[in-house]
Structures are given as structure tokens and as C-alpha cells.
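> One file is attached below, model_33.txt, containing compact mmCIF, C-alpha atoms.
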# COMPACT_ATOMS: atom_id res chain seq x y z
CA MET A 1 0.00 0.00 0.00
CA ALA A 2 1.30 3.39 -0.91
CA CYS A 3 -1.94 5.19 -0.33
CA CYS A 4 -5.65 4.50 -0.27
CA LEU A 5 -8.79 6.53 0.22
CA VAL A 6 -11.13 5.32 2.96
CA THR A 7 -13.77 6.22 5.52
CA VAL A 8 -12.77 6.35 9.17
CA ASP A 9 -14.57 7.12 12.40
CA TRP A 10 -13.44 7.62 15.99
CA GLU A 11 -13.54 5.47 19.04
CA CYS A 12 -13.47 5.95 22.78
CA ILE A 13 -10.22 4.88 24.28
CA TYR A 14 -8.52 5.18 27.64
CA PRO A 15 -8.59 7.50 29.58
CA ASP A 16 -11.94 8.28 28.09
CA ASP A 17 -14.95 7.70 30.25
CA CYS A 18 -14.57 3.96 30.04
CA SER A 19 -15.99 2.37 33.12
CA CYS A 20 -16.17 -0.59 30.84
CA CYS A 21 -16.88 1.73 28.04
CA SER A 22 -19.91 3.81 28.90
CA GLY A 23 -18.96 6.36 26.26
CA CYS A 24 -18.85 4.10 23.26
CA ILE A 25 -20.35 0.71 22.58
CA PRO A 26 -18.35 -1.20 21.63
CA CYS A 27 -15.12 0.56 22.46
CA ALA A 28 -11.41 0.17 22.37
CA CYS A 29 -10.93 0.87 26.06
CA CYS A 30 -10.95 -2.81 26.75
CA ASN A 31 -12.19 -6.02 25.26
CA SER A 32 -15.86 -5.85 24.55
CA SER A 33 -16.58 -8.83 26.74
CA ASN A 34 -13.73 -8.70 29.22
CA CYS A 35 -13.16 -5.59 31.24
CA SER A 36 -12.02 -7.42 34.32
CA ALA A 37 -8.57 -5.91 34.32
CA GLY A 38 -9.67 -2.38 33.52
CA CYS A 39 -9.14 -0.23 30.52
CA GLN A 40 -5.37 -0.15 30.72
CA SER A 41 -4.88 -3.88 30.56
CA THR A 42 -2.84 -5.09 27.63
CA SER A 43 -3.98 -8.64 28.20
CA THR A 44 -7.72 -8.04 28.06
CA CYS A 45 -7.96 -4.84 26.08
CA GLY A 46 -9.17 -4.84 22.56
CA GLN A 47 -9.96 -7.47 20.00
CA GLY A 48 -6.33 -7.78 19.09
CA GLY A 49 -5.04 -7.71 22.63
CA CYS A 50 -2.92 -4.67 21.95
CA CYS A 51 -4.64 -1.78 23.61
CA ILE A 52 -1.66 0.51 23.79
CA GLY A 53 -3.37 3.71 22.73
CA ASN A 54 -4.47 6.84 24.52
CA ALA A 55 -7.18 9.32 23.56
CA SER A 56 -4.68 12.16 23.70
CA SER A 57 -2.15 10.52 21.39
CA TRP A 58 -2.57 9.95 17.69
CA GLY A 59 -3.49 6.37 16.94
CA TYR A 60 -5.85 4.05 15.12
CA ALA A 61 -7.59 0.71 15.51
CA TRP A 62 -7.46 -1.22 12.26
CA LYS A 63 -10.26 -3.49 11.19
CA GLN A 64 -9.45 -7.12 11.50
CA GLU A 65 -10.85 -9.19 8.71
CA SER A 66 -9.92 -7.91 5.33
CA CYS A 67 -6.73 -5.93 5.79
CA PRO A 68 -8.19 -2.90 4.04
CA CYS A 69 -5.95 -1.19 1.54
CA GLY A 70 -4.15 -4.49 1.19
CA TYR A 71 -2.05 -3.76 4.21
CA CYS A 72 -2.10 -5.43 7.59
CA PRO A 73 -0.03 -3.39 10.01
CA ASN A 74 0.85 -4.95 13.35
CA CYS A 75 0.14 -3.23 16.61
CA GLY A 76 2.56 -0.41 17.22
CA ILE A 77 3.04 0.30 13.52
CA ASN A 78 2.57 3.85 12.32
CA LEU A 79 0.48 4.88 9.34
CA GLY A 80 0.12 8.33 7.88
CA PHE A 81 -3.26 10.08 7.67
CA ASN A 82 -4.40 13.16 5.81
CA VAL A 83 -7.38 14.75 4.11
CA ASP A 84 -5.47 17.42 2.30
CA GLY A 85 -6.64 16.52 -1.17
CA ALA A 86 -4.75 15.46 -4.25
CA SER A 87 -1.53 17.13 -3.18
CA CYS A 88 -1.38 14.87 -0.15
CA GLY A 89 0.42 17.52 1.84
CA THR A 90 1.15 16.78 5.45
CA TRP A 91 0.84 13.28 6.87
CA TYR A 92 0.01 12.91 10.53
CA GLN A 93 1.39 9.63 11.76
CA GLY A 94 -0.53 7.58 14.25
CA GLN A 95 0.27 4.26 15.86
CA ARG A 96 -1.99 1.25 15.65
CA PHE A 97 -3.34 0.62 19.14
CA ASP A 98 -5.89 -2.08 18.62
CA THR A 99 -8.04 -4.14 16.32
CA GLN A 100 -11.74 -3.92 15.69
CA ASN A 101 -13.65 -6.75 14.14
CA GLU A 102 -16.39 -5.14 12.17
CA LEU A 103 -16.92 -6.47 8.70
CA SER A 104 -18.08 -3.30 7.04
CA GLY A 105 -18.12 0.43 7.37
CA PRO A 106 -15.16 2.54 8.34
CA VAL A 107 -11.83 0.76 7.99
CA ALA A 108 -10.22 2.35 11.02
CA ASP A 109 -11.21 3.87 14.32
CA LEU A 110 -9.05 6.86 15.18
CA THR A 111 -8.30 8.18 18.62
CA GLU A 112 -10.23 11.30 19.46
CA SER A 113 -7.12 13.46 19.18
CA LEU A 114 -6.18 12.12 15.74
CA PHE A 115 -9.77 12.49 14.49
CA MET A 116 -9.90 16.06 15.76
CA GLN A 117 -6.75 16.85 13.86
CA PHE A 118 -9.02 16.78 10.83
CA ALA A 119 -12.66 17.16 11.88
CA PRO A 120 -14.90 17.77 14.89
CA LEU A 121 -16.04 14.66 16.76
CA GLY A 122 -19.69 15.46 16.06
CA GLN A 123 -19.08 14.77 12.39
CA GLY A 124 -18.65 11.11 13.30
CA LEU A 125 -17.10 10.10 9.98
CA ILE A 126 -14.34 11.27 7.69
CA THR A 127 -15.06 9.87 4.24
CA ASN A 128 -12.09 11.30 2.38
CA MET A 129 -9.29 10.10 4.60
CA ARG A 130 -6.07 9.10 2.91
CA ILE A 131 -3.98 6.49 4.64
CA SER A 132 -0.45 5.59 3.71
CA ASN A 133 2.34 3.43 5.03
CA ASP A 134 4.98 5.71 3.60
CA ASP A 135 5.33 9.37 2.70
CA SER A 136 5.20 8.88 -1.05
CA CYS A 137 1.52 9.36 -1.67
CA THR A 138 0.95 9.19 -5.38
CA GLY A 139 -2.14 8.36 -7.37
CA CYS A 140 -4.53 8.54 -4.42
CA MET B 20 -19.19 23.17 41.86
CA GLN B 21 -19.39 26.80 40.78
CA VAL B 22 -16.30 28.70 41.84
CA SER B 23 -15.09 32.25 41.58
CA ARG B 24 -12.58 33.24 38.93
CA LYS B 25 -9.93 33.58 41.60
CA THR B 26 -10.66 30.12 42.91
CA PHE B 27 -10.77 28.72 39.40
CA LEU B 28 -7.34 30.10 38.63
CA ARG B 29 -6.02 28.70 41.90
CA ILE B 30 -7.43 25.26 41.09
CA ALA B 31 -6.08 25.50 37.57
CA ALA B 32 -2.65 26.48 38.80
CA ALA B 33 -2.61 23.72 41.35
CA THR B 34 -3.74 21.00 38.96
CA ILE B 35 -1.50 22.19 36.22
CA GLY B 36 1.45 22.53 38.51
CA ALA B 37 0.94 19.00 39.71
CA THR B 38 0.50 17.50 36.28
CA ALA B 39 2.47 19.66 33.90
CA SER B 40 5.38 17.29 33.63
CA PHE B 41 3.00 14.46 32.87
CA LEU B 42 0.93 16.43 30.42
CA TYR B 43 3.89 17.43 28.35
CA PRO B 44 6.50 14.69 28.54
CA GLY B 45 7.46 15.27 24.95
CA VAL B 46 7.58 19.01 25.08
CA VAL B 47 10.75 20.78 26.02
CA GLY B 48 10.02 23.79 28.16
CA VAL B 49 6.27 24.16 28.41
CA ALA B 50 6.62 27.84 29.12
CA ALA B 51 8.69 28.34 26.02
CA SER B 52 6.62 26.33 23.59
CA ILE B 53 2.91 25.99 23.03
CA HIS B 54 3.21 23.74 20.02
CA PRO B 55 3.34 19.94 19.97
CA ARG B 56 6.78 18.49 19.58
CA THR B 57 6.75 16.73 16.31
CA THR B 58 9.04 14.79 14.07
CA LYS B 59 9.02 15.92 10.50
CA SER B 60 10.39 14.27 7.43
CA GLY B 61 10.43 15.18 3.80
CA ALA B 62 12.16 18.05 2.09
CA GLY B 63 11.21 20.86 -0.20
CA ALA B 64 7.78 20.51 -1.77
CA SER B 65 7.49 16.79 -1.03
CA PRO B 66 4.90 15.64 1.48
CA GLN B 67 5.97 15.92 5.06
CA SER B 68 5.17 13.56 7.85
CA ILE B 69 4.37 14.72 11.36
CA ARG B 70 4.38 12.34 14.24
CA LEU B 71 3.27 13.56 17.62
CA GLU B 72 5.46 12.49 20.49
CA GLY B 73 3.57 12.07 23.70
CA PRO B 74 0.19 13.58 24.50
CA ASP B 75 -1.28 16.10 22.09
CA PRO B 76 -1.13 19.48 23.87
CA THR B 77 -3.93 20.78 21.64
CA PHE B 78 -6.37 18.17 22.94
CA ALA B 79 -7.82 17.36 26.33
CA THR B 80 -10.48 15.03 27.66
CA GLY B 81 -11.91 14.52 31.10
CA ARG B 82 -14.71 15.06 33.56
CA VAL B 83 -15.58 18.56 34.72
CA VAL B 84 -14.62 18.92 38.38
CA ALA B 85 -14.90 22.70 38.73
CA LYS B 86 -16.18 25.64 36.72
CA SER B 87 -16.06 29.40 36.71
CA THR B 88 -17.53 32.09 34.53
CA ASP B 89 -14.95 31.63 31.82
CA GLY B 90 -13.60 28.14 32.17
CA VAL B 91 -13.67 24.68 33.65
CA VAL B 92 -11.21 22.25 35.11
CA ILE B 93 -11.39 18.72 33.73
CA GLN B 94 -9.81 15.63 35.17
CA ASN B 95 -9.28 12.06 34.02
CA PRO B 96 -7.41 9.18 35.67
CA GLU B 97 -4.12 10.52 34.34
CA SER B 98 -4.25 14.29 34.55
CA ALA B 99 -6.16 17.52 35.11
CA ARG B 100 -6.32 20.59 32.94
CA ALA B 101 -7.86 24.04 32.92
CA ILE B 102 -10.01 24.85 29.89
CA ARG B 103 -10.65 28.49 29.04
CA PHE B 104 -13.56 29.79 27.00
CA LEU B 105 -13.25 33.09 25.17
CA ALA B 106 -16.32 35.24 24.73
CA GLY B 107 -18.53 33.90 21.98
CA THR B 108 -17.26 30.33 22.19
CA LEU B 109 -19.87 27.66 21.56
CA VAL B 110 -19.76 24.05 22.68
CA TRP B 111 -21.57 20.95 21.41
CA LYS B 112 -24.07 19.22 23.65
CA GLU B 113 -26.31 17.71 20.98
CA VAL B 114 -26.66 21.25 19.71
CA LEU B 115 -24.36 24.23 20.05
CA ILE B 116 -24.76 25.96 23.40
CA ASP B 117 -23.09 28.47 25.66
CA PRO B 118 -20.27 26.99 27.78
CA ALA B 119 -22.06 28.30 30.87
CA LEU B 120 -24.45 25.37 30.47
CA ILE B 121 -21.68 22.85 31.05
CA GLN B 122 -22.22 21.09 34.36
CA VAL B 123 -19.85 19.62 36.88
CA GLY B 124 -19.75 15.91 36.09
CA ASP B 125 -20.01 16.35 32.32
CA TRP B 126 -17.35 14.63 30.21
CA LEU B 127 -15.53 16.90 27.74
CA HIS B 128 -13.44 16.44 24.62
CA VAL B 129 -11.67 19.69 23.79
CA LYS B 130 -9.56 20.90 20.88
CA GLY B 131 -7.82 24.20 21.32
CA THR B 132 -4.73 26.27 21.69
CA PRO B 133 -2.42 25.43 24.58
CA LEU B 134 -1.07 28.31 26.61
CA ALA B 135 2.26 28.51 28.30
CA ASP B 136 0.66 28.02 31.70
CA GLY B 137 -0.64 24.63 30.59
CA SER B 138 -4.26 25.62 30.16
CA LEU B 139 -6.12 25.14 26.89
CA VAL B 140 -8.12 27.85 25.13
CA ALA B 141 -11.05 26.03 23.59
CA ARG B 142 -11.75 26.35 19.88
CA SER B 143 -15.36 27.32 19.35
CA GLU B 144 -17.58 24.41 18.24
CA TRP B 145 -14.73 21.95 18.89
CA VAL B 146 -15.73 21.21 22.47
CA PHE B 147 -17.93 18.14 22.93
CA VAL B 148 -19.95 17.50 26.05
CA ASN B 149 -20.98 13.91 26.83
CA ILE B 150 -20.52 12.80 23.26
CA GLY B 151 -20.67 9.08 22.59
CA ARG B 152 -20.54 6.46 19.88
CA ARG B 153 -22.53 3.37 19.05
CA THR B 154 -21.89 0.57 16.59
CA GLY B 155 -24.06 -2.46 16.07
CA THR B 156 -26.38 -4.43 13.85
CA LEU B 157 -29.63 -2.72 13.00
CA VAL B 158 -32.66 -4.57 14.37
CA SER B 159 -35.48 -2.20 13.53
CA THR B 160 -36.45 1.41 13.06
CA SER B 161 -39.45 3.40 14.22
CA PRO B 162 -40.31 7.07 14.64
CA ALA B 163 -39.30 6.71 18.28
CA GLY B 164 -35.86 5.37 17.65
CA VAL B 165 -33.45 2.93 16.06
CA THR B 166 -32.85 -0.41 17.74
CA VAL B 167 -29.43 -1.96 17.42
CA GLN B 168 -27.83 -5.13 18.69
CA HIS B 169 -24.33 -4.81 20.07
CA ASN B 170 -22.12 -6.57 22.53
CA LYS B 171 -23.93 -5.01 25.47
CA GLY B 172 -27.30 -6.24 24.28
CA THR B 173 -30.18 -4.64 22.44
CA GLU B 174 -30.50 -0.86 22.69
CA THR B 175 -32.93 1.62 21.23
CA LEU B 176 -31.26 4.88 20.34
CA GLU B 177 -33.30 8.04 20.64
CA LEU B 178 -33.25 10.32 17.62
CA ALA B 179 -32.25 13.97 17.79
CA SER B 180 -34.49 16.48 16.04
CA THR B 181 -31.45 17.38 13.96
CA LEU B 182 -30.64 13.74 13.11
CA GLN B 183 -28.65 13.09 9.95
CA VAL B 184 -28.66 9.67 8.28
CA VAL B 185 -25.80 9.24 5.85
CA SER B 186 -23.90 6.79 3.69
CA VAL B 187 -20.78 5.47 5.38
CA LYS B 188 -18.92 5.51 2.07
CA THR B 189 -19.76 8.98 0.86
CA GLY B 190 -21.13 10.82 3.86
CA ALA B 191 -24.08 11.90 1.72
CA PRO B 192 -27.58 11.94 3.23
CA LEU B 193 -29.66 8.81 2.64
CA GLN B 194 -33.02 9.46 1.06
CA GLY B 195 -35.75 8.54 3.52
CA GLY B 196 -33.70 9.07 6.65
CA VAL B 197 -33.94 6.22 9.16
CA HIS B 198 -36.37 4.43 6.85
CA ALA B 199 -33.50 3.95 4.42
CA LEU B 200 -31.61 1.87 6.96
CA ILE B 201 -31.66 -1.86 6.27
CA PRO B 202 -32.12 -4.26 9.21
CA GLY B 203 -29.33 -6.78 9.55
CA MET B 204 -26.67 -4.37 8.38
CA ASN B 205 -24.05 -2.69 10.54
CA VAL B 206 -24.77 0.86 11.57
CA GLY B 207 -22.76 3.45 13.40
CA ALA B 208 -23.90 6.48 15.31
CA VAL B 209 -22.61 9.48 17.16
CA GLY B 210 -24.67 11.38 19.66
CA LEU B 211 -25.32 12.58 23.17
CA ARG B 212 -24.99 10.32 26.17
CA LEU B 213 -28.00 10.79 28.41
CA SER B 214 -28.56 9.96 32.04
CA GLY B 215 -29.47 6.39 32.79
CA GLY B 216 -27.23 5.07 30.03
CA LYS B 217 -29.50 6.27 27.27
CA PHE B 218 -28.22 7.68 24.01
CA ARG B 219 -29.63 10.18 21.53
CA ALA B 220 -28.19 9.90 18.03
CA THR B 221 -27.37 13.03 16.07
CA LYS B 222 -25.91 11.16 13.10
CA ILE B 223 -26.35 7.56 11.95
CA TRP B 224 -24.48 5.91 9.10
CA GLN B 225 -24.84 2.64 7.20
Could I get this file's structure written as C-alpha cells?


Amino acid sequence: MACCLVTVDWECIYPDDCSCCSGCIPCACCNSSNCSAGCQSTSTCGQGGCCIGNASSWGYAWKQESCPCGYCPNCGINLGFNVDGASCGTWYQGQRFDTQNELSGPVADLTESLFMQFAPLGQGLITNMRISNDDSCTGC
Amino acid sequence: MQVSRKTFLRIAAATIGATASFLYPGVVGVAASIHPRTTKSGAGASPQSIRLEGPDPTFATGRVVAKSTDGVVIQNPESARAIRFLAGTLVWKEVLIDPALIQVGDWLHVKGTPLADGSLVARSEWVFVNIGRRTGTLVSTSPAGVTVQHNKGTETLELASTLQVVSVKTGAPLQGGVHALIPGMNVGAVGLRLSGGKFRATKIWQ
């Protein structure tokens, strides 16, 4: 993947109001069915067991099934995000913090801070988000 | 808790003083820099990449623990921060409202401009009060609400008077509103978290 155009949304993540995720259902604070160790747990958090993100740091939860954009980054891997248009412009790099298992819809859940780098939370979706695993965005 | 401006500033100073080093671990000299420390690559006209190191100083989230006439203090399990509202600033709470209507106990997401003292000047319309998200499989729709199945069970989402129903791929409005939604398909929603665990959707997508 050099670059692909997708829809993303945002997700609640620690330290969001996640007393087992009251803010979002489901959420990335902790595993949807196992919050026994709290929202910080790396053993029970998230579908992929890699809940290393924070709402105040740029990050994303990648969907699990289809490796959208033909790219399957591991937890901790950075991708670049922008909505600058054809010129690509500036890429804001965020780290993958988790996995979500939805089959359709947005391909990535962004942290609130990364989403708000581009749009207000009330918008819910960003449909013209470019994602890249390098800085050479061409032919978006 | 409504406090005077003097008390607010004292609380802000105390919380900021106690948490400044945690809030800005990646920023050298908070007093000298109000911008996030970033790593940039790329040269000339080529695209540049910016990676934030540590917490984003332009963003804050937490529960309101104190308020004054022109600001609030929010706190989460990791930190506390003073949020300042300039005259004319509007905040989202299903609709755009005056910040004076924010209540102690509300949960805020704030985008703004960080000041050297560690506080954050809120950007108008980029402050969200008790905002939430829902994702699930659509069960049914009615004028009263949209029922979805998710990992917490079956929930009927109330519908805001300003509700938008859009395509997840294009963001364009769906003709027919909620009646265009197809049961059995995944839906997402953003909206206001209400007391008692209820939720009122302001936008739904499928």
C-alpha cells in the first residue's frame, strides 16, 4: 500500500470515560466482553489484545478481517493520515493501538485526538481520509 | 461546583502545577513552547510527515470537576487541565450551546490552543460534552428510535431532532432518513450520552 482513500470514524479509548466503556459501545478501552482488568490492561484490552493507545495521542484501531488497503499493520506500527486533497500535503502519523472486528463500514477507528486533527467529533465520519504506510503518496 | 474566577485560577494552577510534567513529557520547556513536539520528514515541496510524540497538547479530555464564569477544570485518571472559554465560544451538547451550560460531572473532549501556563483555550464548536458512539447491527427502526444489537445487548437509540442519516462511504444523506436503513446491516452512530445510560443519536451511518 502506498496510499488509499477510505472512511474512518473515531472510538473511545482510555482515559476516556470507560468504566467498561460507557462512552462508546463497543469501544477500544478494553475487550468488549472482558473488562475485568480495567481499561489499561494489555492482556484483556481490545480485539487484538494490543490496547496501547491513549485518547490524547494519535493512533488508530485497524479493522481485523480484510486488511483494508491491502495492508495489515501490526500493533505499534505507524500509518500516515491526511485529508489534504490530491496534493497529499502533510501526513500525521498515528500508531496502531488495537483491532476492531467489524466487517463493514469505516476501515479504522481513530483516537479522538487524531480524528480532531481533521474534523470535529460530532461529524462522526471522515469519508475522504487518505492512509499511507509511507510518505510517497501518489495516485490517491 | 461553581467557583469564583480567583478560585478557578487557583485550582487550575494547582492542577497544572501537579500534572504539567505528565501532560507534556514530549515538550521541552512548556513555558517556552505551546506547540506539539513533532518529528518531520520530507524536504522541499514533497509531502511531510508529522508524528506527535507524547500527548497532544492541543487536545484534552476529562470530567468537569470545577467551573467558573470563563472556564472549567477537567480531570481524568491521568491528569487535570484548565479549559478556558473566550467570549462567543460555543460548545456541542447535541446542539451548540453556551459553555455556561456545562455542568460539573459532564465529560468533555476539547480541541484548542495550549497556553504557556498549561491551560487550553477552547476552539469554538470543537468542544464536545458527553458525546458518545454506538456501533451495532440494526434490528429495527421506528419514529421513536433505532434499535441496534451490540455486545452489550439490544438498545434503542433516541433520535435527535437534527438527526442526519448518511452513507458510510460517501457521507451523503440517505433518502428517507432512518427508513432507508436496512435491518441486519451494521450501523454506526454518534450522539449525546444521556442519564441512565440512554443515548440520543445526532448522526447515523450505514

> Under the rule that all atoms listed in the file are counted, which of A:Asp9, A:Trp91, A:Ala55, A:Gly80 is the nearest residue to Asp109 in chain A?

A:Asp9

> For a test of reading the model, state the distance in Å between CA of Trp126 in chain B and CA of Thr77 in chain B, rounded to one decimal.

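Here the two named atoms are 17.1 Å from each other.
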
> Nearest to chain B among A:Phe118, A:Gly70, A:Ser113, A:Ile131, with distances taken over all atoms listed in the file: which residue is it?

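Using all atoms listed in the file, the shortest distance to chain B belongs to A:Ser113.
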
> Taking only C-alpha atoms into account, which residues of chain B are within 8 Å of chain A, as JSON, numbers by chain?

{"B": [61, 65, 66, 67, 68, 69, 70, 71, 72, 73, 74, 75, 78, 79, 80, 81, 95, 96, 97, 111, 126, 128, 130, 144, 145, 147, 149, 150, 151, 152, 153, 154, 169, 170, 171, 187, 188, 189, 190, 205, 206, 208, 209, 210, 212, 216, 222, 225]}

> Please measure the separation of CA of Gly196 in chain B and CA of Arg219 in chain B, giving the value in Å to one decimal.

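Taking CA of Gly196 in chain B and CA of Arg219 in chain B, their separation equals 15.5 Å.
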
> Grab the CA of Thr108 in chain B to CA of Ala179 in chain B distance for me, in Å with one decimal place.

22.6 Å
